$ cat start10.cif   # mmCIF, C-alpha atoms and all ligand atoms
data_input
#
loop_
_atom_site.group_PDB
_atom_site.id
_atom_site.type_symbol
_atom_site.label_atom_id
_atom_site.label_comp_id
_atom_site.auth_asym_id
_atom_site.auth_seq_id
_atom_site.Cartn_x
_atom_site.Cartn_y
_atom_site.Cartn_z
ATOM 1 C CA MET A 1 0.000 0.000 0.000
ATOM 2 C CA SER A 2 1.240 3.486 -0.711
ATOM 3 C CA LEU A 3 2.603 5.927 1.779
ATOM 4 C CA LEU A 4 2.395 9.695 1.863
ATOM 5 C CA VAL A 5 4.757 11.911 3.847
ATOM 6 C CA PHE A 6 4.238 15.554 4.579
ATOM 7 C CA GLY A 7 7.049 17.623 6.129
ATOM 8 C CA SER A 8 10.140 19.708 5.556
ATOM 9 C CA VAL A 9 12.755 19.564 2.806
ATOM 10 C CA ALA A 10 15.748 21.568 3.930
ATOM 11 C CA PHE A 11 19.248 22.841 3.601
ATOM 12 C CA ASP A 12 21.118 21.746 6.704
ATOM 13 C CA ASP A 13 24.368 22.969 8.216
ATOM 14 C CA VAL A 14 25.535 20.297 10.622
ATOM 15 C CA ARG A 15 28.468 20.009 13.024
ATOM 16 C CA THR A 16 29.270 16.784 14.908
ATOM 17 C CA PRO A 17 32.454 15.500 16.580
ATOM 18 C CA SER A 18 33.236 13.818 13.206
ATOM 19 C CA GLY A 19 33.248 17.082 11.244
ATOM 20 C CA SER A 20 30.846 19.491 9.597
ATOM 21 C CA ARG A 21 28.885 19.992 6.377
ATOM 22 C CA GLU A 22 27.164 23.051 4.939
ATOM 23 C CA ARG A 23 23.992 23.329 2.892
ATOM 24 C CA VAL A 24 23.522 19.612 2.558
ATOM 25 C CA LEU A 25 20.183 18.057 1.677
ATOM 26 C CA GLY A 26 18.099 17.560 4.809
ATOM 27 C CA GLY A 27 14.590 17.963 6.134
ATOM 28 C CA SER A 28 12.233 15.703 8.021
ATOM 29 C CA ALA A 29 10.276 14.545 4.960
ATOM 30 C CA THR A 30 13.466 13.998 2.955
ATOM 31 C CA TYR A 31 14.936 11.574 5.483
ATOM 32 C CA PHE A 32 11.595 9.853 5.965
ATOM 33 C CA ALA A 33 10.874 9.367 2.249
ATOM 34 C CA TRP A 34 14.397 8.275 1.474
ATOM 35 C CA SER A 35 14.049 5.509 4.089
ATOM 36 C CA SER A 36 10.492 4.389 3.396
ATOM 37 C CA ALA A 37 11.096 4.285 -0.372
ATOM 38 C CA THR A 38 13.458 1.355 0.297
ATOM 39 C CA LEU A 39 10.362 -0.663 1.184
ATOM 40 C CA VAL A 40 7.314 0.907 -0.442
ATOM 41 C CA ALA A 41 6.161 3.561 -2.947
ATOM 42 C CA THR A 42 6.308 6.921 -1.193
ATOM 43 C CA ASP A 43 4.918 10.318 -2.192
ATOM 44 C CA LEU A 44 6.289 13.542 -0.790
ATOM 45 C CA VAL A 45 4.235 16.667 -0.059
ATOM 46 C CA ALA A 46 6.553 19.562 0.753
ATOM 47 C CA ILE A 47 7.863 22.901 -0.421
ATOM 48 C CA VAL A 48 11.306 24.077 -1.516
ATOM 49 C CA GLY A 49 12.503 27.537 -2.498
ATOM 50 C CA ARG A 50 13.980 29.224 -5.521
ATOM 51 C CA ASP A 51 17.482 28.274 -4.322
ATOM 52 C CA PHE A 52 16.856 24.506 -4.295
ATOM 53 C CA PRO A 53 19.159 22.780 -6.821
ATOM 54 C CA ASP A 54 17.673 20.710 -9.630
ATOM 55 C CA GLY A 55 20.321 18.100 -8.796
ATOM 56 C CA PHE A 56 18.668 17.450 -5.395
ATOM 57 C CA LEU A 57 15.274 17.065 -7.093
ATOM 58 C CA ARG A 58 16.782 14.560 -9.503
ATOM 59 C CA GLU A 59 18.237 12.552 -6.619
ATOM 60 C CA LEU A 60 14.819 12.336 -4.957
ATOM 61 C CA ARG A 61 13.129 11.376 -8.240
ATOM 62 C CA ASP A 62 15.801 8.768 -9.005
ATOM 63 C CA ARG A 63 15.157 7.247 -5.622
ATOM 64 C CA GLY A 64 11.581 6.615 -6.802
ATOM 65 C CA ILE A 65 9.986 9.188 -4.493
ATOM 66 C CA GLY A 66 6.771 10.663 -5.951
ATOM 67 C CA LEU A 67 7.215 14.415 -6.334
ATOM 68 C CA SER A 68 3.813 15.514 -7.646
ATOM 69 C CA GLY A 69 3.188 17.143 -4.250
ATOM 70 C CA LEU A 70 6.511 18.976 -4.113
ATOM 71 C CA VAL A 71 6.084 22.699 -4.778
ATOM 72 C CA ARG A 72 8.822 25.210 -5.609
ATOM 73 C CA ALA A 73 8.239 28.757 -4.334
ATOM 74 C CA ALA A 74 9.335 31.411 -6.816
ATOM 75 C CA ALA A 75 10.153 34.195 -4.374
ATOM 76 C CA GLN A 76 11.457 32.595 -1.177
ATOM 77 C CA ASP A 77 14.320 30.414 -0.035
ATOM 78 C CA THR A 78 14.255 26.828 1.152
ATOM 79 C CA PHE A 79 13.813 26.045 4.861
ATOM 80 C CA TYR A 80 17.211 26.148 6.575
ATOM 81 C CA TRP A 81 18.291 24.402 9.767
ATOM 82 C CA LYS A 82 21.648 24.633 11.492
ATOM 83 C CA GLY A 83 22.387 22.113 14.213
ATOM 84 C CA SER A 84 25.264 20.694 16.211
ATOM 85 C CA TYR A 85 26.098 17.804 18.502
ATOM 86 C CA GLY A 86 28.626 17.542 21.301
ATOM 87 C CA GLU A 87 30.116 14.305 22.611
ATOM 88 C CA ASP A 88 26.607 13.111 23.516
ATOM 89 C CA LEU A 89 25.200 12.432 20.063
ATOM 90 C CA ASN A 90 21.723 11.929 21.494
ATOM 91 C CA VAL A 91 21.389 15.652 22.126
ATOM 92 C CA ALA A 92 20.905 17.880 19.065
ATOM 93 C CA ARG A 93 21.373 21.605 19.530
ATOM 94 C CA THR A 94 19.492 23.881 17.129
ATOM 95 C CA ASP A 95 21.820 26.792 16.354
ATOM 96 C CA ALA A 96 19.617 28.513 13.761
ATOM 97 C CA VAL A 97 16.326 28.044 11.956
ATOM 98 C CA HIS A 98 15.178 30.099 8.963
ATOM 99 C CA LEU A 99 11.620 29.086 8.198
ATOM 100 C CA ASN A 100 11.691 30.857 4.791
ATOM 101 C CA VAL A 101 9.119 29.030 2.593
ATOM 102 C CA LEU A 102 7.557 27.276 5.600
ATOM 103 C CA ALA A 103 6.489 30.563 7.193
ATOM 104 C CA THR A 104 3.674 31.374 4.780
ATOM 105 C CA TRP A 105 2.965 28.120 2.954
ATOM 106 C CA LYS A 106 -0.476 26.550 2.895
ATOM 107 C CA PRO A 107 0.158 22.970 1.749
ATOM 108 C CA GLN A 108 -1.873 21.520 -1.121
ATOM 109 C CA VAL A 109 -2.167 17.754 -1.394
ATOM 110 C CA PRO A 110 -2.668 16.818 -5.078
ATOM 111 C CA ALA A 111 -6.025 15.133 -5.750
ATOM 112 C CA GLU A 112 -4.423 11.831 -6.744
ATOM 113 C CA LEU A 113 -2.673 11.544 -3.356
ATOM 114 C CA ARG A 114 -5.677 12.265 -1.137
ATOM 115 C CA ALA A 115 -6.675 8.625 -0.781
ATOM 116 C CA ALA A 116 -3.284 7.573 0.638
ATOM 117 C CA PRO A 117 -3.906 4.834 3.229
ATOM 118 C CA PHE A 118 -0.725 5.439 5.243
ATOM 119 C CA VAL A 119 0.285 8.993 6.119
ATOM 120 C CA PHE A 120 3.152 10.457 8.107
ATOM 121 C CA LEU A 121 3.087 14.075 9.245
ATOM 122 C CA ALA A 122 6.790 14.718 9.651
ATOM 123 C CA ASN A 123 8.196 17.843 11.263
ATOM 124 C CA ASP A 124 6.550 21.022 10.084
ATOM 125 C CA SER A 125 4.400 23.581 11.883
ATOM 126 C CA PRO A 126 1.298 22.056 13.512
ATOM 127 C CA GLN A 127 -0.879 24.418 11.432
ATOM 128 C CA ASN A 128 0.642 23.061 8.223
ATOM 129 C CA GLN A 129 0.308 19.494 9.480
ATOM 130 C CA LEU A 130 -3.398 20.117 10.163
ATOM 131 C CA HIS A 131 -3.893 21.813 6.814
ATOM 132 C CA ALA A 132 -2.392 18.793 5.035
ATOM 133 C CA LEU A 133 -4.405 16.353 7.140
ATOM 134 C CA ASP A 134 -7.662 18.167 6.300
ATOM 135 C CA GLN A 135 -7.142 17.256 2.646
ATOM 136 C CA ILE A 136 -6.616 13.538 3.121
ATOM 137 C CA ALA A 137 -9.675 11.297 2.966
ATOM 138 C CA ARG A 138 -10.007 8.655 5.727
ATOM 139 C CA PRO A 139 -6.454 7.351 5.929
ATOM 140 C CA ARG A 140 -5.959 3.962 7.509
ATOM 141 C CA LEU A 141 -3.109 5.114 9.742
ATOM 142 C CA VAL A 142 -1.669 8.570 10.414
ATOM 143 C CA LEU A 143 1.390 9.062 12.594
ATOM 144 C CA CYS A 144 3.000 12.396 13.362
ATOM 145 C CA ASP A 145 6.221 13.882 14.682
ATOM 146 C CA THR A 146 7.136 17.231 16.146
ATOM 147 C CA ARG A 147 10.070 18.936 17.828
ATOM 148 C CA ASP A 148 11.155 21.522 20.400
ATOM 149 C CA LEU A 149 10.404 24.578 18.237
ATOM 150 C CA TRP A 150 6.765 23.605 17.651
ATOM 151 C CA ILE A 151 6.225 22.453 21.245
ATOM 152 C CA GLN A 152 7.346 25.932 22.337
ATOM 153 C CA GLN A 153 5.559 27.925 19.635
ATOM 154 C CA ASP A 154 2.224 26.176 19.110
ATOM 155 C CA ARG A 155 1.287 23.707 21.820
ATOM 156 C CA PRO A 156 -2.490 24.065 21.221
ATOM 157 C CA GLY A 157 -2.002 23.335 17.492
ATOM 158 C CA LEU A 158 0.153 20.371 18.352
ATOM 159 C CA GLN A 159 -2.427 19.011 20.771
ATOM 160 C CA GLU A 160 -4.986 19.129 17.979
ATOM 161 C CA VAL A 161 -2.571 17.211 15.730
ATOM 162 C CA LEU A 162 -2.239 14.566 18.464
ATOM 163 C CA ARG A 163 -6.024 14.308 18.853
ATOM 164 C CA ARG A 164 -6.550 13.890 15.118
ATOM 165 C CA THR A 165 -3.830 11.323 14.386
ATOM 166 C CA ASP A 166 -3.407 7.698 15.445
ATOM 167 C CA GLY A 167 0.033 8.016 16.908
ATOM 168 C CA VAL A 168 3.195 9.957 17.459
ATOM 169 C CA ALA A 169 6.918 9.267 17.169
ATOM 170 C CA LEU A 170 9.110 11.524 19.325
ATOM 171 C CA ASN A 171 12.561 11.427 20.809
ATOM 172 C CA ASP A 172 12.846 11.166 24.572
ATOM 173 C CA ALA A 173 13.677 14.863 25.124
ATOM 174 C CA GLU A 174 10.676 15.944 23.040
ATOM 175 C CA ALA A 175 8.404 13.477 24.847
ATOM 176 C CA ARG A 176 9.522 14.924 28.190
ATOM 177 C CA GLN A 177 9.142 18.512 26.968
ATOM 178 C CA LEU A 178 5.661 17.850 25.603
ATOM 179 C CA THR A 179 4.281 15.823 28.503
ATOM 180 C CA GLY A 180 6.192 17.251 31.457
ATOM 181 C CA GLU A 181 6.933 13.650 32.537
ATOM 182 C CA ARG A 182 10.516 12.572 33.149
ATOM 183 C CA ASN A 183 9.771 8.865 33.204
ATOM 184 C CA LEU A 184 9.178 7.486 29.710
ATOM 185 C CA LEU A 185 6.401 5.077 30.727
ATOM 186 C CA ARG A 186 4.531 7.995 32.258
ATOM 187 C CA ALA A 187 5.295 10.140 29.211
ATOM 188 C CA ALA A 188 3.850 7.421 26.939
ATOM 189 C CA ARG A 189 0.739 7.230 29.125
ATOM 190 C CA ARG A 190 0.331 10.999 28.901
ATOM 191 C CA LEU A 191 0.701 10.824 25.094
ATOM 192 C CA HIS A 192 -2.137 8.258 25.068
ATOM 193 C CA GLU A 193 -4.239 10.666 27.164
ATOM 194 C CA LEU A 194 -3.503 13.413 24.641
ATOM 195 C CA GLY A 195 -4.994 11.232 21.895
ATOM 196 C CA SER A 196 -2.103 9.128 20.525
ATOM 197 C CA ARG A 197 -3.180 5.481 20.400
ATOM 198 C CA ILE A 198 0.367 4.574 19.331
ATOM 199 C CA ALA A 199 3.295 6.246 21.112
ATOM 200 C CA ILE A 200 6.874 5.683 19.955
ATOM 201 C CA ILE A 201 9.654 7.202 22.028
ATOM 202 C CA LYS A 202 13.096 7.089 20.426
ATOM 203 C CA LYS A 203 16.182 7.146 22.610
ATOM 204 C CA GLY A 204 18.995 7.493 20.079
ATOM 205 C CA GLU A 205 21.755 4.974 20.651
ATOM 206 C CA HIS A 206 19.706 3.482 23.510
ATOM 207 C CA GLY A 207 16.985 2.232 21.184
ATOM 208 C CA ALA A 208 13.269 2.893 21.012
ATOM 209 C CA PHE A 209 10.110 2.159 22.993
ATOM 210 C CA LEU A 210 6.641 1.435 21.603
ATOM 211 C CA SER A 211 3.471 1.745 23.644
ATOM 212 C CA ALA A 212 0.078 0.755 22.204
ATOM 213 C CA GLU A 213 -2.958 -1.368 23.022
ATOM 214 C CA GLY A 214 -1.985 -1.384 26.692
ATOM 215 C CA ARG A 215 1.322 -3.100 25.887
ATOM 216 C CA GLY A 216 4.925 -2.027 25.633
ATOM 217 C CA TYR A 217 7.858 -3.133 23.487
ATOM 218 C CA ALA A 218 11.467 -1.981 23.847
ATOM 219 C CA LEU A 219 14.205 -2.503 21.282
ATOM 220 C CA PRO A 220 17.911 -1.605 21.448
ATOM 221 C CA ALA A 221 19.541 0.307 18.618
ATOM 222 C CA TYR A 222 21.505 -1.609 16.010
ATOM 223 C CA PRO A 223 25.081 -1.257 17.261
ATOM 224 C CA ILE A 224 27.117 1.183 15.154
ATOM 225 C CA GLU A 225 30.725 1.855 16.055
ATOM 226 C CA ASP A 226 31.184 5.124 14.180
ATOM 227 C CA VAL A 227 28.148 7.337 14.417
ATOM 228 C CA VAL A 228 29.060 10.234 12.117
ATOM 229 C CA ASP A 229 25.888 12.338 12.121
ATOM 230 C CA PRO A 230 22.642 11.513 13.922
ATOM 231 C CA THR A 231 20.645 14.155 12.006
ATOM 232 C CA GLY A 232 17.547 12.614 10.486
ATOM 233 C CA ALA A 233 17.795 9.377 12.461
ATOM 234 C CA GLY A 234 14.349 9.945 13.962
ATOM 235 C CA ASP A 235 12.794 10.592 10.563
ATOM 236 C CA SER A 236 14.594 7.610 9.063
ATOM 237 C CA PHE A 237 13.312 5.463 11.910
ATOM 238 C CA ALA A 238 9.774 6.662 11.200
ATOM 239 C CA GLY A 239 10.296 5.999 7.469
ATOM 240 C CA GLY A 240 11.317 2.398 8.108
ATOM 241 C CA PHE A 241 8.511 1.961 10.655
ATOM 242 C CA MET A 242 5.733 3.285 8.400
ATOM 243 C CA GLY A 243 7.318 1.738 5.303
ATOM 244 C CA HIS A 244 7.034 -1.683 6.916
ATOM 245 C CA LEU A 245 3.382 -1.176 7.918
ATOM 246 C CA ALA A 246 2.469 0.055 4.429
ATOM 247 C CA LEU A 247 4.340 -2.873 2.883
ATOM 248 C CA VAL A 248 2.478 -5.512 4.909
ATOM 249 C CA GLY A 249 -0.789 -3.517 4.953
ATOM 250 C CA SER A 250 -1.380 -4.231 8.629
ATOM 251 C CA THR A 251 -1.217 -2.373 11.929
ATOM 252 C CA SER A 252 -1.545 -5.420 14.212
ATOM 253 C CA TRP A 253 0.511 -5.496 17.408
ATOM 254 C CA PHE A 254 2.793 -8.114 15.812
ATOM 255 C CA GLN A 255 3.417 -5.890 12.771
ATOM 256 C CA LEU A 256 3.941 -2.803 14.935
ATOM 257 C CA LYS A 257 6.762 -4.700 16.639
ATOM 258 C CA GLN A 258 8.215 -5.802 13.280
ATOM 259 C CA ALA A 259 7.985 -2.168 12.173
ATOM 260 C CA MET A 260 10.145 -1.197 15.179
ATOM 261 C CA LEU A 261 12.858 -3.457 13.766
ATOM 262 C CA ALA A 262 12.518 -1.928 10.297
ATOM 263 C CA GLY A 263 12.774 1.578 11.784
ATOM 264 C CA THR A 264 15.832 0.612 13.806
ATOM 265 C CA ILE A 265 17.554 -0.693 10.675
ATOM 266 C CA THR A 266 16.855 2.358 8.459
ATOM 267 C CA ALA A 267 17.993 4.710 11.250
ATOM 268 C CA SER A 268 21.231 2.744 11.630
ATOM 269 C CA PHE A 269 22.144 3.479 8.003
ATOM 270 C CA CYS A 270 21.254 7.154 8.375
ATOM 271 C CA VAL A 271 23.752 7.864 11.158
ATOM 272 C CA GLU A 272 26.731 6.369 9.322
ATOM 273 C CA ASP A 273 27.395 9.493 7.269
ATOM 274 C CA PHE A 274 26.397 13.144 6.923
ATOM 275 C CA SER A 275 23.142 14.014 5.184
ATOM 276 C CA LEU A 276 21.978 11.136 2.964
ATOM 277 C CA GLY A 277 25.563 9.997 2.285
ATOM 278 C CA ARG A 278 25.188 6.413 3.508
ATOM 279 C CA MET A 279 21.491 6.210 2.706
ATOM 280 C CA LYS A 280 22.240 6.689 -0.957
ATOM 281 C CA MET A 281 23.678 3.194 -0.903
ATOM 282 C CA LEU A 282 20.754 1.784 1.056
ATOM 283 C CA THR A 283 19.263 -0.887 -1.193
ATOM 284 C CA ARG A 284 16.586 -3.394 -0.320
ATOM 285 C CA ASP A 285 19.277 -6.085 -0.192
ATOM 286 C CA ALA A 286 21.421 -4.078 2.234
ATOM 287 C CA PHE A 287 18.324 -3.468 4.371
ATOM 288 C CA ASP A 288 17.395 -7.180 4.383
ATOM 289 C CA ALA A 289 20.921 -8.266 5.249
ATOM 290 C CA ARG A 290 21.131 -5.940 8.246
ATOM 291 C CA TYR A 291 17.594 -6.861 9.300
ATOM 292 C CA ASP A 292 18.569 -10.546 9.467
ATOM 293 C CA GLU A 293 21.780 -9.706 11.288
ATOM 294 C CA PHE A 294 19.836 -7.657 13.843
ATOM 295 C CA ARG A 295 17.347 -10.474 14.451
ATOM 296 C CA ALA A 296 20.239 -12.843 15.121
ATOM 297 C CA TYR A 297 21.787 -10.276 17.422
ATOM 298 C CA LEU A 298 18.529 -10.026 19.405
ATOM 299 C CA SER A 299 17.947 -13.725 19.894
ATOM 300 C CA PRO A 300 19.345 -15.005 23.217
HETATM 301 P P1 LIG A 401 15.876 14.586 13.286
HETATM 302 O O1 LIG A 401 17.357 14.558 13.505
HETATM 303 O O2 LIG A 401 15.293 13.221 12.941
HETATM 304 O O3 LIG A 401 15.124 15.270 14.358
HETATM 305 O O4 LIG A 401 15.621 15.458 11.964
HETATM 306 C C1 LIG A 401 16.418 16.531 11.613
HETATM 307 C C2 LIG A 401 15.901 17.125 10.324
HETATM 308 O O5 LIG A 401 14.720 17.877 10.614
HETATM 309 C C3 LIG A 401 16.890 18.094 9.722
HETATM 310 O O6 LIG A 401 17.253 17.655 8.429
HETATM 311 C C4 LIG A 401 16.188 19.450 9.674
HETATM 312 O O7 LIG A 401 16.265 20.077 8.415
HETATM 313 C C5 LIG A 401 14.741 19.138 9.996
HETATM 314 N N1 LIG A 401 14.206 20.122 10.950
HETATM 315 C C6 LIG A 401 14.849 20.673 12.009
HETATM 316 N N2 LIG A 401 14.036 21.534 12.676
HETATM 317 C C7 LIG A 401 12.854 21.537 12.016
HETATM 318 C C8 LIG A 401 11.611 22.213 12.199
HETATM 319 N N3 LIG A 401 11.423 23.090 13.199
HETATM 320 N N4 LIG A 401 10.601 21.956 11.337
HETATM 321 C C9 LIG A 401 10.787 21.094 10.334
HETATM 322 N N5 LIG A 401 11.916 20.415 10.098
HETATM 323 C C10 LIG A 401 12.952 20.618 10.918
#
$ encode --input "start10.cif" --output "structure tokens" --more "lines below"
Ligand code: AMP
Amino acid sequence: MSLLVFGSVAFDDVRTPSGSRERVLGGSATYFAWSSATLVATDLVAIVGRDFPDGFLRELRDRGIGLSGLVRAAAQDTFYWKGSYGEDLNVARTDAVHLNVLATWKPQVPAELRAAPFVFLANDSPQNQLHALDQIARPRLVLCDTRDLWIQQDRPGLQEVLRRTDGVALNDAEARQLTGERNLLRAARRLHELGSRIAIIKKGEHGAFLSAEGRGYALPAYPIEDVVDPTGAGDSFAGGFMGHLALVGSTSWFQLKQAMLAGTITASFCVEDFSLGRMKMLTRDAFDARYDEFRAYLSP
């Protein structure tokens, strides 16, 4: 079944202990779609600016990502994010954000994409997430993401997003910031109270936790010796997670747990290089091989 992602496409400046890169391809929807497209047909609804290179568009198209919902603004620049990481790679610091095209955009979902059964609302303003959601007819499963900026700037909008979607995927710091709960089990419970039937809390190199249907499931991260850049790991996790569910066409508890494995694997590729560097070599075969290796690693 097909998958639709709505979110940001960005220029990123990133600094980690391994080095730095400027104006590389980033954005929540970019990382998500790049990951999910390994498993299932994925359409992207997003906006870029006048400064966005045709070469980046070609890379997305060559990956098989549907771009009929990607708009180019004639008079504004692409969303820009500058972030850095210290020795603790689980903590991203936002050094600058220029909303540019995202500040005034009202997303339009093309008619042919409005029946998408699986939808992910990746990071973008809650108002834009709601505007996109309004145009999608009865999706089977909608998950969403958010981050510190939107929790600070538009909590009421975000709470409406949570009420109107089936689930949320957040990192542990965002879950704590949003719920005010330090303990992750309590934070998951609070997310359920806020309307998320499915709550996924990602903990970087410490793995991820799923809470749904009154049950919990915890998975470690795939062990990576040289984490180069964790940017986009959360979106890549979500791309693998939703990609798996769309591939099998099921949201059963068993498949939600399998989807946690798929998300863990796609995220592990993401962190091995800056931007989409390693992900460009992520084929279905490479995914399957690491998936099998991870299953072996998990069995006692
Ligand atoms: P992650 O590391 O998974 O949280 O995702 C980082 C990506 O999200 C980067 O490529 C950024 O361009 C993008 N991003 C950062 N802040 C925002 C924001 N406020 N809204 C939308 N996208 C963002």
$ residues_near_ligand --input "start10.cif" --ligand "ligand LIG 401 (chain A)" --cutoff "6 Å" --atoms "all atoms listed in the file" --output "VMD selection string"
chain A and resid 8 10 12 26 to 28 81 123 to 124 149 231 to 235
$ residues_around --input "start10.cif" --residues "Val119 of chain A" --least-positions-apart "3" --cutoff "8 Å" --atoms "all atoms listed in the file" --output "ChimeraX atom specification"
/A:3-6,116,139,141-143
$ closest_residue --input "start10.cif" --among "A:Ile47, A:Glu272, A:Gly239, A:Pro107" --to "Asp145 of chain A" --atoms "all atoms listed in the file"
A:Gly239
$ residues_around --input "start10.cif" --residues "segment 201-208 of chain A" --least-positions-apart "2" --cutoff "9 Å" --atoms "only C-alpha atoms" --output "ChimeraX atom specification"
/A:89-91,168-175,184,187-188,199,210-211,217-224,230,233-234,237,260,264
$ closest_residue --input "start10.cif" --among "A:Ser252, A:Ser236, A:Gln159, A:Gln76" --to "Thr30 of chain A" --atoms "all atoms listed in the file"
A:Ser236
$ closest_residue --input "start10.cif" --among "A:Leu133, A:Leu99, A:Leu39, A:Val271" --to "Thr16 of chain A" --atoms "all atoms listed in the file"
A:Val271
$ atom_distance --input "start10.cif" --atom1 "atom CA of Gly83 of chain A" --atom2 "atom CA of Ser20 of chain A"
10.0 Å
$ closest_residue --input "start10.cif" --among "A:Met281, A:Leu44, A:Val248, A:Val227" --to "Asp88 of chain A" --atoms "only C-alpha atoms"
A:Val227
$ atom_distance --input "start10.cif" --atom1 "atom CA of Asp154 of chain A" --atom2 "atom CA of Ile136 of chain A"
22.2 Å
$ closest_residue --input "start10.cif" --among "A:Leu261, A:Ser275, A:His131, A:Ser268" --to "Asp292 of chain A" --atoms "only C-alpha atoms"
A:Leu261
$ resolve_selection --input "start10.cif" --expression "the PyMOL selection byres (((chain A and resi 242) around 9) and not hetatm)" --output "list of chain:residue names"
A:Leu3, A:Ser36, A:Phe118, A:Val119, A:Phe120, A:Leu143, A:Phe237, A:Ala238, A:Gly239, A:Gly240, A:Phe241, A:Gly243, A:His244, A:Leu245, A:Ala246, A:Leu247, A:Ala259, A:Ala262, A:Gly263
$ atom_distance --input "start10.cif" --atom1 "atom CA of Gly49 of chain A" --atom2 "atom CA of Thr283 of chain A"
29.2 Å
$ residues_around --input "start10.cif" --residues "Leu276 of chain A" --least-positions-apart "3" --cutoff "8 Å" --atoms "only C-alpha atoms" --output "list of chain:residue names"
A:Leu25, A:Gly26, A:Tyr31, A:Cys270, A:Asp273, A:Met279, A:Lys280
$ decode --input "start10.cif" --residues "segment 264-277 of chain A" --atoms "N, CA, C and O atoms" --output "PDB file, in the first residue's frame"
ATOM      1  N   THR A 264      14.493   0.672  13.207  1.00  0.00           N
ATOM      2  CA  THR A 264      15.832   0.612  13.806  1.00  0.00           C
ATOM      3  C   THR A 264      16.890   0.421  12.721  1.00  0.00           C
ATOM      4  O   THR A 264      17.958   1.049  12.761  1.00  0.00           O
ATOM      5  N   ILE A 265      16.579  -0.412  11.740  1.00  0.00           N
ATOM      6  CA  ILE A 265      17.554  -0.693  10.675  1.00  0.00           C
ATOM      7  C   ILE A 265      17.761   0.544   9.783  1.00  0.00           C
ATOM      8  O   ILE A 265      18.901   0.932   9.497  1.00  0.00           O
ATOM      9  N   THR A 266      16.668   1.199   9.348  1.00  0.00           N
ATOM     10  CA  THR A 266      16.855   2.358   8.459  1.00  0.00           C
ATOM     11  C   THR A 266      17.607   3.470   9.203  1.00  0.00           C
ATOM     12  O   THR A 266      18.483   4.124   8.631  1.00  0.00           O
ATOM     13  N   ALA A 267      17.296   3.667  10.485  1.00  0.00           N
ATOM     14  CA  ALA A 267      17.993   4.710  11.250  1.00  0.00           C
ATOM     15  C   ALA A 267      19.482   4.404  11.367  1.00  0.00           C
ATOM     16  O   ALA A 267      20.326   5.306  11.338  1.00  0.00           O
ATOM     17  N   SER A 268      19.815   3.110  11.456  1.00  0.00           N
ATOM     18  CA  SER A 268      21.231   2.744  11.630  1.00  0.00           C
ATOM     19  C   SER A 268      22.050   3.117  10.388  1.00  0.00           C
ATOM     20  O   SER A 268      23.223   3.461  10.494  1.00  0.00           O
ATOM     21  N   PHE A 269      21.438   3.052   9.217  1.00  0.00           N
ATOM     22  CA  PHE A 269      22.144   3.479   8.003  1.00  0.00           C
ATOM     23  C   PHE A 269      22.308   5.003   7.992  1.00  0.00           C
ATOM     24  O   PHE A 269      23.343   5.532   7.590  1.00  0.00           O
ATOM     25  N   CYS A 270      21.254   5.684   8.437  1.00  0.00           N
ATOM     26  CA  CYS A 270      21.254   7.154   8.375  1.00  0.00           C
ATOM     27  C   CYS A 270      22.439   7.764   9.121  1.00  0.00           C
ATOM     28  O   CYS A 270      23.066   8.702   8.643  1.00  0.00           O
ATOM     29  N   VAL A 271      22.760   7.219  10.294  1.00  0.00           N
ATOM     30  CA  VAL A 271      23.752   7.864  11.158  1.00  0.00           C
ATOM     31  C   VAL A 271      25.204   7.578  10.732  1.00  0.00           C
ATOM     32  O   VAL A 271      26.134   8.128  11.309  1.00  0.00           O
ATOM     33  N   GLU A 272      25.372   6.754   9.714  1.00  0.00           N
ATOM     34  CA  GLU A 272      26.731   6.369   9.322  1.00  0.00           C
ATOM     35  C   GLU A 272      27.458   7.400   8.463  1.00  0.00           C
ATOM     36  O   GLU A 272      28.626   7.225   8.138  1.00  0.00           O
ATOM     37  N   ASP A 273      26.732   8.445   8.055  1.00  0.00           N
ATOM     38  CA  ASP A 273      27.395   9.493   7.269  1.00  0.00           C
ATOM     39  C   ASP A 273      26.591  10.789   7.419  1.00  0.00           C
ATOM     40  O   ASP A 273      25.472  10.786   7.942  1.00  0.00           O
ATOM     41  N   PHE A 274      27.139  11.884   6.936  1.00  0.00           N
ATOM     42  CA  PHE A 274      26.397  13.144   6.923  1.00  0.00           C
ATOM     43  C   PHE A 274      25.276  13.076   5.883  1.00  0.00           C
ATOM     44  O   PHE A 274      25.374  12.345   4.899  1.00  0.00           O
ATOM     45  N   SER A 275      24.252  13.874   6.124  1.00  0.00           N
ATOM     46  CA  SER A 275      23.142  14.014   5.184  1.00  0.00           C
ATOM     47  C   SER A 275      22.678  12.619   4.736  1.00  0.00           C
ATOM     48  O   SER A 275      22.532  11.709   5.556  1.00  0.00           O
ATOM     49  N   LEU A 276      22.456  12.428   3.453  1.00  0.00           N
ATOM     50  CA  LEU A 276      21.978  11.136   2.964  1.00  0.00           C
ATOM     51  C   LEU A 276      23.128  10.281   2.444  1.00  0.00           C
ATOM     52  O   LEU A 276      22.911   9.311   1.708  1.00  0.00           O
ATOM     53  N   GLY A 277      24.361  10.646   2.824  1.00  0.00           N
ATOM     54  CA  GLY A 277      25.563   9.997   2.285  1.00  0.00           C
ATOM     55  C   GLY A 277      25.480   8.472   2.276  1.00  0.00           C
ATOM     56  O   GLY A 277      25.617   7.833   1.234  1.00  0.00           O
TER      57      GLY A 277
END
